[in-house]
$ cat start_3.pdb   # PDB, C-alpha atoms, pLDDT in the B column
ATOM      1  CA  ASN A 245      78.402  94.027 108.078  1.00 53.00           C
ATOM      2  CA  SER A 246      76.220  97.161 108.332  1.00 52.00           C
ATOM      3  CA  GLU A 247      76.999  97.276 112.048  1.00 52.00           C
ATOM      4  CA  ILE A 248      80.730  97.755 111.493  1.00 54.00           C
ATOM      5  CA  THR A 249      80.584 100.079 108.491  1.00 54.00           C
ATOM      6  CA  THR A 250      78.233 102.692 109.932  1.00 51.00           C
ATOM      7  CA  LYS A 251      79.560 106.245 110.194  1.00 48.00           C
ATOM      8  CA  LYS A 252      78.945 106.071 113.930  1.00 42.00           C
ATOM      9  CA  THR A 253      81.816 103.616 114.256  1.00 58.00           C
ATOM     10  CA  VAL A 254      84.978 105.618 114.918  1.00 87.00           C
ATOM     11  CA  THR A 255      87.886 105.029 112.593  1.00 92.00           C
ATOM     12  CA  HIS A 256      90.106 103.672 115.372  1.00 91.00           C
ATOM     13  CA  THR A 257      87.536 100.965 116.072  1.00 92.00           C
ATOM     14  CA  LYS A 258      87.518 100.106 112.374  1.00 94.00           C
ATOM     15  CA  LEU A 259      91.303  99.827 112.483  1.00 96.00           C
ATOM     16  CA  GLN A 260      91.078  97.475 115.462  1.00 95.00           C
ATOM     17  CA  ILE A 261      88.469  95.335 113.700  1.00 95.00           C
ATOM     18  CA  GLY A 262      90.549  95.308 110.517  1.00 97.00           C
ATOM     19  CA  ALA A 263      93.600  94.194 112.497  1.00 98.00           C
ATOM     20  CA  MET A 264      91.654  91.343 114.083  1.00 97.00           C
ATOM     21  CA  ILE A 265      90.295  90.211 110.706  1.00 98.00           C
ATOM     22  CA  ALA A 266      93.826  90.222 109.273  1.00 98.00           C
ATOM     23  CA  LEU A 267      95.030  88.216 112.276  1.00 97.00           C
ATOM     24  CA  GLY A 268      92.264  85.708 111.627  1.00 96.00           C
ATOM     25  CA  VAL A 269      93.310  85.273 108.001  1.00 97.00           C
ATOM     26  CA  SER A 270      96.934  84.944 109.095  1.00 95.00           C
ATOM     27  CA  HIS A 271      96.032  82.253 111.623  1.00 93.00           C
ATOM     28  CA  ILE A 272      94.140  80.299 108.956  1.00 92.00           C
ATOM     29  CA  HIS A 273      97.182  80.317 106.695  1.00 91.00           C
ATOM     30  CA  GLU A 274      99.518  79.160 109.470  1.00 86.00           C
ATOM     31  CA  LEU A 275      97.150  76.798 111.283  1.00 77.00           C
ATOM     32  CA  GLY A 276      98.699  73.541 112.491  1.00 61.00           C
ATOM     33  CA  THR A 277     102.197  74.057 111.104  1.00 61.00           C
ATOM     34  CA  ASP A 278     105.557  74.968 112.587  1.00 62.00           C
ATOM     35  CA  SER A 279     107.271  75.209 109.208  1.00 64.00           C
ATOM     36  CA  GLY A 280     106.139  78.731 108.442  1.00 69.00           C
ATOM     37  CA  HIS A 281     104.641  77.530 105.167  1.00 78.00           C
ATOM     38  CA  PRO A 282     100.983  78.357 104.418  1.00 81.00           C
ATOM     39  CA  TYR A 283      98.723  75.505 105.453  1.00 82.00           C
ATOM     40  CA  MET A 284      95.269  76.508 104.272  1.00 90.00           C
ATOM     41  CA  ALA A 285      93.469  79.020 102.059  1.00 92.00           C
ATOM     42  CA  HIS A 286      89.977  80.112 103.088  1.00 94.00           C
ATOM     43  CA  TYR A 287      89.191  80.992  99.453  1.00 93.00           C
ATOM     44  CA  ASP A 288      85.995  82.898 100.214  1.00 92.00           C
ATOM     45  CA  ILE A 289      86.976  85.923 102.308  1.00 94.00           C
ATOM     46  CA  ASN A 290      84.205  88.517 102.066  1.00 93.00           C
ATOM     47  CA  PRO A 291      82.046  90.513 104.513  1.00 92.00           C
ATOM     48  CA  ARG A 292      79.226  87.961 104.420  1.00 91.00           C
ATOM     49  CA  ASN A 293      81.588  85.390 105.914  1.00 94.00           C
ATOM     50  CA  ILE A 294      82.699  87.559 108.824  1.00 95.00           C
ATOM     51  CA  ALA A 295      80.511  87.525 111.919  1.00 93.00           C
ATOM     52  CA  ILE A 296      80.787  90.207 114.596  1.00 90.00           C
ATOM     53  CA  MET A 297      80.580  88.502 117.967  1.00 90.00           C
ATOM     54  CA  GLU A 298      79.519  89.967 121.294  1.00 86.00           C
ATOM     55  CA  GLY A 299      82.075  92.563 122.321  1.00 83.00           C
ATOM     56  CA  GLY A 300      82.846  93.524 118.730  1.00 83.00           C
ATOM     57  CA  ARG A 301      85.304  90.737 117.921  1.00 91.00           C
ATOM     58  CA  PRO A 302      85.123  89.575 114.270  1.00 95.00           C
ATOM     59  CA  LYS A 303      85.101  85.867 113.501  1.00 94.00           C
ATOM     60  CA  LEU A 304      85.762  84.264 110.118  1.00 94.00           C
ATOM     61  CA  ASN A 305      83.356  81.502 109.185  1.00 93.00           C
ATOM     62  CA  ASP A 306      82.110  79.425 106.215  1.00 91.00           C
ATOM     63  CA  PHE A 307      85.025  77.140 105.351  1.00 92.00           C
ATOM     64  CA  ASN A 308      82.990  75.158 102.808  1.00 90.00           C
ATOM     65  CA  VAL A 309      85.397  75.866  99.934  1.00 90.00           C
ATOM     66  CA  ALA A 310      88.642  76.123 101.935  1.00 91.00           C
ATOM     67  CA  GLU A 311      91.704  74.438 100.454  1.00 90.00           C
ATOM     68  CA  PHE A 312      94.513  72.627 102.273  1.00 88.00           C
ATOM     69  CA  LEU A 313      97.884  73.468 100.748  1.00 88.00           C
ATOM     70  CA  ARG A 314     100.845  71.256  99.926  1.00 84.00           C
ATOM     71  CA  TRP A 315     104.417  72.547  99.809  1.00 80.00           C
ATOM     72  CA  ASP A 316     106.831  71.848  96.940  1.00 79.00           C
ATOM     73  CA  VAL A 317     110.167  71.332  98.723  1.00 78.00           C
ATOM     74  CA  GLU A 318     112.151  71.410  95.466  1.00 81.00           C
ATOM     75  CA  LYS A 319     110.713  74.717  94.266  1.00 80.00           C
ATOM     76  CA  ASN A 320     110.265  75.996  97.833  1.00 76.00           C
ATOM     77  CA  GLU A 321     106.773  77.250  97.098  1.00 76.00           C
ATOM     78  CA  SER A 322     103.149  76.298  97.551  1.00 79.00           C
ATOM     79  CA  CYS A 323     101.773  73.756  95.084  1.00 81.00           C
ATOM     80  CA  GLY A 324      98.628  75.864  94.976  1.00 82.00           C
ATOM     81  CA  PHE A 325      95.196  74.750  93.832  1.00 85.00           C
ATOM     82  CA  GLN A 326      92.868  75.283  90.900  1.00 82.00           C
ATOM     83  CA  GLY A 327      90.539  78.258  91.180  1.00 79.00           C
ATOM     84  CA  ARG A 328      86.837  77.589  90.794  1.00 74.00           C
ATOM     85  CA  PHE A 329      85.304  81.055  91.053  1.00 70.00           C
ATOM     86  CA  HIS A 330      85.983  83.783  88.518  1.00 62.00           C
ATOM     87  CA  ASP A 331      83.405  86.504  89.091  1.00 67.00           C
ATOM     88  CA  PRO A 332      85.184  89.769  89.981  1.00 64.00           C
ATOM     89  CA  TRP A 333      83.282  90.735  93.138  1.00 73.00           C
ATOM     90  CA  TRP A 334      85.889  89.758  95.738  1.00 80.00           C
ATOM     91  CA  ARG A 335      88.427  87.907  93.607  1.00 87.00           C
ATOM     92  CA  ALA A 336      92.123  88.473  92.852  1.00 91.00           C
ATOM     93  CA  PRO A 337      93.716  89.191  89.441  1.00 91.00           C
ATOM     94  CA  GLU A 338      95.204  85.695  89.208  1.00 90.00           C
ATOM     95  CA  GLU A 339      91.658  84.316  89.410  1.00 85.00           C
ATOM     96  CA  MET A 340      90.642  86.339  86.369  1.00 81.00           C
ATOM     97  CA  ILE A 341      92.814  84.374  83.909  1.00 70.00           C
ATOM     98  CA  ILE A 342      90.704  84.352  80.786  1.00 53.00           C
ATOM     99  CA  ASP A 343      90.810  83.418  77.136  1.00 44.00           C
ATOM    100  CA  SER A 344      90.632  86.568  75.048  1.00 47.00           C
ATOM    101  CA  ALA A 345      91.039  87.935  71.564  1.00 43.00           C
ATOM    102  CA  ILE A 346      92.735  91.246  70.736  1.00 45.00           C
ATOM    103  CA  VAL A 347      90.356  93.700  69.099  1.00 43.00           C
ATOM    104  CA  TYR A 348      91.616  96.311  66.620  1.00 45.00           C
ATOM    105  CA  VAL A 349      89.573  99.418  65.858  1.00 47.00           C
ATOM    106  CA  ASN A 350      90.862 101.546  62.957  1.00 52.00           C
ATOM    107  CA  GLY A 351      94.232  99.868  63.332  1.00 54.00           C
ATOM    108  CA  THR A 352      94.504 100.590  67.066  1.00 56.00           C
ATOM    109  CA  LYS A 353      94.717  97.746  69.563  1.00 50.00           C
ATOM    110  CA  LYS A 354      91.975  97.948  72.155  1.00 51.00           C
ATOM    111  CA  ILE A 355      91.340  96.157  75.435  1.00 49.00           C
ATOM    112  CA  PRO A 356      91.159  92.389  74.806  1.00 49.00           C
ATOM    113  CA  TYR A 357      87.679  91.096  74.204  1.00 45.00           C
ATOM    114  CA  THR A 358      86.816  88.410  76.728  1.00 48.00           C
ATOM    115  CA  THR A 359      85.846  85.098  75.161  1.00 44.00           C
ATOM    116  CA  GLY A 360      85.617  83.055  78.354  1.00 49.00           C
ATOM    117  CA  ILE A 361      87.480  81.621  81.326  1.00 52.00           C
ATOM    118  CA  SER A 362      90.630  79.711  80.439  1.00 56.00           C
ATOM    119  CA  ASP A 363      90.259  75.917  80.439  1.00 57.00           C
ATOM    120  CA  ASN A 364      93.699  75.537  82.023  1.00 63.00           C
ATOM    121  CA  PRO A 365      94.384  78.428  84.417  1.00 67.00           C
ATOM    122  CA  PRO A 366      97.570  78.322  86.513  1.00 77.00           C
ATOM    123  CA  PRO A 367      97.234  77.253  90.163  1.00 85.00           C
ATOM    124  CA  ILE A 368      96.516  79.885  92.791  1.00 90.00           C
ATOM    125  CA  ASN A 369      97.468  79.943  96.472  1.00 92.00           C
ATOM    126  CA  GLU A 370      96.681  81.590  99.803  1.00 94.00           C
ATOM    127  CA  LYS A 371      97.579  85.025  98.396  1.00 95.00           C
ATOM    128  CA  VAL A 372      94.047  85.225  96.955  1.00 95.00           C
ATOM    129  CA  ASP A 373      92.883  85.555 100.575  1.00 97.00           C
ATOM    130  CA  VAL A 374      95.181  88.555 101.029  1.00 98.00           C
ATOM    131  CA  TYR A 375      93.694  90.319  98.000  1.00 97.00           C
ATOM    132  CA  ALA A 376      90.217  89.529  99.323  1.00 96.00           C
ATOM    133  CA  LEU A 377      91.287  90.924 102.701  1.00 98.00           C
ATOM    134  CA  GLY A 378      92.001  94.216 100.938  1.00 98.00           C
ATOM    135  CA  ASN A 379      88.449  94.208  99.622  1.00 96.00           C
ATOM    136  CA  VAL A 380      87.110  93.566 103.126  1.00 97.00           C
ATOM    137  CA  LEU A 381      89.184  96.425 104.557  1.00 98.00           C
ATOM    138  CA  TYR A 382      87.832  98.697 101.809  1.00 97.00           C
ATOM    139  CA  ASP A 383      84.261  97.736 102.701  1.00 95.00           C
ATOM    140  CA  LEU A 384      84.996  98.159 106.412  1.00 95.00           C
ATOM    141  CA  LEU A 385      86.475 101.628 105.942  1.00 95.00           C
ATOM    142  CA  THR A 386      84.056 103.080 103.386  1.00 93.00           C
ATOM    143  CA  GLY A 387      80.851 101.118 103.893  1.00 91.00           C
ATOM    144  CA  HIS A 388      80.756 100.293 100.179  1.00 90.00           C
ATOM    145  CA  ALA A 389      81.696  97.289  98.057  1.00 89.00           C
ATOM    146  CA  PRO A 390      85.084  97.918  96.385  1.00 91.00           C
ATOM    147  CA  ARG A 391      83.828  97.433  92.829  1.00 85.00           C
ATOM    148  CA  GLY A 392      80.441  99.029  93.330  1.00 79.00           C
ATOM    149  CA  LYS A 393      77.110  97.341  92.799  1.00 77.00           C
ATOM    150  CA  MET A 394      77.627  94.459  90.397  1.00 70.00           C
ATOM    151  CA  ASN A 395      75.351  93.417  87.574  1.00 73.00           C
ATOM    152  CA  ASP A 396      75.690  91.580  84.269  1.00 70.00           C
ATOM    153  CA  GLN A 397      76.349  94.858  82.444  1.00 71.00           C
ATOM    154  CA  ASN A 398      79.416  95.937  84.430  1.00 78.00           C
ATOM    155  CA  LYS A 399      80.812  92.505  85.322  1.00 79.00           C
ATOM    156  CA  ALA A 400      83.057  92.308  82.242  1.00 78.00           C
ATOM    157  CA  ASP A 401      84.463  95.788  82.893  1.00 82.00           C
ATOM    158  CA  ALA A 402      85.141  94.943  86.536  1.00 84.00           C
ATOM    159  CA  ARG A 403      86.879  91.720  85.512  1.00 83.00           C
ATOM    160  CA  GLU A 404      89.173  93.620  83.143  1.00 83.00           C
ATOM    161  CA  ARG A 405      90.010  96.148  85.867  1.00 86.00           C
ATOM    162  CA  VAL A 406      90.875  93.403  88.342  1.00 88.00           C
ATOM    163  CA  LEU A 407      92.871  91.486  85.724  1.00 86.00           C
ATOM    164  CA  ASN A 408      94.827  94.631  84.832  1.00 88.00           C
ATOM    165  CA  GLY A 409      95.730  95.207  88.476  1.00 90.00           C
ATOM    166  CA  GLU A 410      93.592  98.317  88.979  1.00 92.00           C
ATOM    167  CA  ALA A 411      92.903  98.715  92.694  1.00 94.00           C
ATOM    168  CA  PRO A 412      89.455  99.933  93.772  1.00 93.00           C
ATOM    169  CA  VAL A 413      89.242 103.720  93.919  1.00 94.00           C
ATOM    170  CA  LEU A 414      88.757 105.144  97.394  1.00 96.00           C
ATOM    171  CA  PRO A 415      86.341 108.019  97.979  1.00 94.00           C
ATOM    172  CA  ARG A 416      88.176 111.347  98.040  1.00 95.00           C
ATOM    173  CA  TYR A 417      87.744 111.762 101.801  1.00 94.00           C
ATOM    174  CA  HIS A 418      89.436 108.441 102.574  1.00 95.00           C
ATOM    175  CA  GLU A 419      92.138 108.943  99.940  1.00 96.00           C
ATOM    176  CA  LYS A 420      93.128 112.377 101.250  1.00 96.00           C
ATOM    177  CA  SER A 421      92.515 111.845 104.975  1.00 94.00           C
ATOM    178  CA  SER A 422      95.415 112.216 107.414  1.00 93.00           C
ATOM    179  CA  ASP A 423      93.531 110.354 110.149  1.00 93.00           C
ATOM    180  CA  PRO A 424      96.150 107.813 111.371  1.00 94.00           C
ATOM    181  CA  SER A 425      93.635 104.964 111.416  1.00 95.00           C
ATOM    182  CA  ILE A 426      92.529 105.663 107.856  1.00 96.00           C
ATOM    183  CA  VAL A 427      96.153 106.018 106.742  1.00 96.00           C
ATOM    184  CA  ALA A 428      97.000 102.614 108.258  1.00 98.00           C
ATOM    185  CA  LEU A 429      94.037 100.913 106.594  1.00 98.00           C
ATOM    186  CA  ARG A 430      94.813 102.639 103.300  1.00 97.00           C
ATOM    187  CA  HIS A 431      98.431 101.445 103.327  1.00 98.00           C
ATOM    188  CA  ALA A 432      97.319  97.918 104.190  1.00 99.00           C
ATOM    189  CA  MET A 433      94.856  97.883 101.302  1.00 98.00           C
ATOM    190  CA  ARG A 434      97.529  98.969  98.839  1.00 97.00           C
ATOM    191  CA  LYS A 435      99.695  96.045  99.909  1.00 98.00           C
ATOM    192  CA  CYS A 436      96.748  93.672  99.588  1.00 98.00           C
ATOM    193  CA  PHE A 437      95.929  94.936  96.093  1.00 97.00           C
ATOM    194  CA  GLU A 438      99.380  94.174  94.648  1.00 97.00           C
ATOM    195  CA  LYS A 439      98.679  92.519  91.293  1.00 95.00           C
ATOM    196  CA  ASP A 440     101.542  90.000  91.417  1.00 95.00           C
ATOM    197  CA  PRO A 441     100.798  87.380  94.103  1.00 94.00           C
ATOM    198  CA  LYS A 442     104.533  86.739  94.539  1.00 93.00           C
ATOM    199  CA  LYS A 443     105.040  90.394  95.475  1.00 96.00           C
ATOM    200  CA  ARG A 444     101.818  90.664  97.484  1.00 97.00           C
ATOM    201  CA  ALA A 445     102.280  90.843 101.239  1.00 97.00           C
ATOM    202  CA  SER A 446     101.363  87.882 103.402  1.00 95.00           C
ATOM    203  CA  ALA A 447      98.364  88.024 105.713  1.00 96.00           C
ATOM    204  CA  LYS A 448     100.806  88.044 108.636  1.00 95.00           C
ATOM    205  CA  GLU A 449     102.574  91.132 107.272  1.00 97.00           C
ATOM    206  CA  ILE A 450      99.242  92.929 106.887  1.00 98.00           C
ATOM    207  CA  ALA A 451      98.166  91.874 110.381  1.00 98.00           C
ATOM    208  CA  ASP A 452     101.478  92.976 111.898  1.00 98.00           C
ATOM    209  CA  ASP A 453     101.176  96.409 110.259  1.00 98.00           C
ATOM    210  CA  LEU A 454      97.601  96.950 111.420  1.00 98.00           C
ATOM    211  CA  VAL A 455      98.192  95.657 114.951  1.00 98.00           C
ATOM    212  CA  LYS A 456     101.252  97.893 115.304  1.00 97.00           C
ATOM    213  CA  ALA A 457      99.288 100.935 114.100  1.00 97.00           C
ATOM    214  CA  ALA A 458      96.366 100.168 116.425  1.00 95.00           C
ATOM    215  CA  LEU A 459      98.646  99.721 119.451  1.00 95.00           C
ATOM    216  CA  GLU A 460     100.571 102.918 118.728  1.00 92.00           C
ATOM    217  CA  LEU A 461      97.331 104.882 118.511  1.00 88.00           C
ATOM    218  CA  GLN A 462      96.084 103.263 121.711  1.00 83.00           C
ATOM    219  CA  LYS A 463      99.252 104.320 123.545  1.00 82.00           C
ATOM    220  CA  GLY A 464      98.891 107.854 122.222  1.00 73.00           C
ATOM    221  CA  LYS A 465      95.477 108.338 123.768  1.00 59.00           C
TER
END
$ encode --input "start_3.pdb" --output "C-alpha cells"
Amino acid sequence: NSEITTKKTVTHTKLQIGAMIALGVSHIHELGTDSGHPYMAHYDINPRNIAIMEGGRPKLNDFNVAEFLRWDVEKNESCGFQGRFHDPWWRAPEEMIIDSAIVYVNGTKKIPYTTGISDNPPPINEKVDVYALGNVLYDLLTGHAPRGKMNDQNKADARERVLNGEAPVLPRYHEKSSDPSIVALRHAMRKCFEKDPKKRASAKEIADDLVKAALELQKGK
C-alpha cells in the first residue's frame, strides 16, 4: 500500500492503478455469469487486500468472507445477504444500520444516540464493494485512510458520518486540483460514495469511467 501511495508515484500512474482495481472489482461481480446480474460480492475491499504484483499490476485477494449472490427474478434485483461487519473503517452506509434513540437537549433534537447494531438489518448487496472501492481510491490518491486514524473515541462519530452519507473530505490540494488524473479519480469517488445503494454506480461504471480517462490521457501524451 505504501508503495502505491507515495508522492513519487505520478498521478497518472495512480489513475491507471485505480482503473485496474475497479476492473478487478467489476470482474468479481460479473464472474461466471452471462446474465449481467451480479454474481459475487467480495465484502472486504480495502488496501490490505490489494497486492501490487511485479510490473505494478494490482491484484485483489482474501476472499474469505466473499458472498455468492442470488437473483430475485420477480423483483428483478439481488436477494442480497446479511452484513456481518459494522465498524466504519471501510464500510458503506447501509452497513451502519443501527438501533438508536433520539436525544433532546433543551428541547432541540440532536444527533441520534447510538444504542447498538440492529438485530434485524436489511440485506446488503455488491454495492458495498463499490463504496469500499471509493475508500480505496481515496487512500490511493491521498496516501491517507478516508476516515483518518480510527480509535474507540472517534468510532461512533465516524459511524454517524457514514450513516448520514457524509463522504470523506479530500485534502484541499486534491479537491481543488485541475490535474486530469486527480479529477477523474475525484469524480469516481463521488459516484462510489453515493449514500443510496440503488443510486450508487456499479463497479463496471466506475471502471469504464477510469479506463476511459486513463486511455484519453495516454493518447494525449
$ atom_distance --input "start_3.pdb" --atom1 "CA of Asn290 (chain A)" --atom2 "CA of Val380 (chain A)"
5.9 Å
$ atom_distance --input "start_3.pdb" --atom1 "CA of Glu370 (chain A)" --atom2 "CA of Pro415 (chain A)"
28.4 Å
$ resolve_selection --input "start_3.pdb" --expression "the PyMOL selection byres ((chain A and resi 428) around 9)" --output "short mmCIF file (atom, residue, chain, number, x, y, z; two decimals) with C-alpha atoms, in the coordinates of the input"
data_model
loop_
_atom_site.label_atom_id
_atom_site.label_comp_id
_atom_site.auth_asym_id
_atom_site.auth_seq_id
_atom_site.Cartn_x
_atom_site.Cartn_y
_atom_site.Cartn_z
CA LEU A 259 91.30 99.83 112.48
CA ASP A 423 93.53 110.35 110.15
CA PRO A 424 96.15 107.81 111.37
CA SER A 425 93.64 104.96 111.42
CA ILE A 426 92.53 105.66 107.86
CA VAL A 427 96.15 106.02 106.74
CA LEU A 429 94.04 100.91 106.59
CA ARG A 430 94.81 102.64 103.30
CA HIS A 431 98.43 101.44 103.33
CA ALA A 432 97.32 97.92 104.19
CA MET A 433 94.86 97.88 101.30
CA ASP A 453 101.18 96.41 110.26
CA LEU A 454 97.60 96.95 111.42
CA ALA A 457 99.29 100.94 114.10
CA ALA A 458 96.37 100.17 116.42
#
$ closest_residue --input "start_3.pdb" --among "A:Val269, A:Glu419, A:Lys399, A:Leu461" --to "Tyr382 (chain A)" --atoms "only C-alpha atoms"
A:Glu419
$ residues_around --input "start_3.pdb" --residues "Phe329 (chain A)" --least-positions-apart "4" --cutoff "12 Å" --atoms "all atoms listed in the file" --output "VMD selection string"
chain A and resid 287 to 288 309 333 to 341 361 to 362 365 368 372
$ resolve_selection --input "start_3.pdb" --expression "the PyMOL selection byres ((chain A and resi 378) around 12)" --output "JSON, numbers by chain"
{"A": [262, 263, 265, 266, 269, 289, 290, 291, 334, 335, 336, 371, 372, 373, 374, 375, 376, 377, 379, 380, 381, 382, 383, 384, 385, 389, 390, 391, 411, 412, 414, 429, 430, 431, 432, 433, 434, 435, 436, 437, 438, 439, 444, 445, 446, 447, 450, 451]}
$ closest_residue --input "start_3.pdb" --among "A:Gly392, A:Pro441, A:Gly409, A:Gly268" --to "Arg301 (chain A)" --atoms "all atoms listed in the file"
A:Gly268
$ atom_distance --input "start_3.pdb" --atom1 "CA of Asn293 (chain A)" --atom2 "CA of Met264 (chain A)"
14.3 Å
$ closest_residue --input "start_3.pdb" --among "A:Lys319, A:Lys303, A:Lys463, A:Arg314" --to "Met284 (chain A)" --atoms "all atoms listed in the file"
A:Arg314
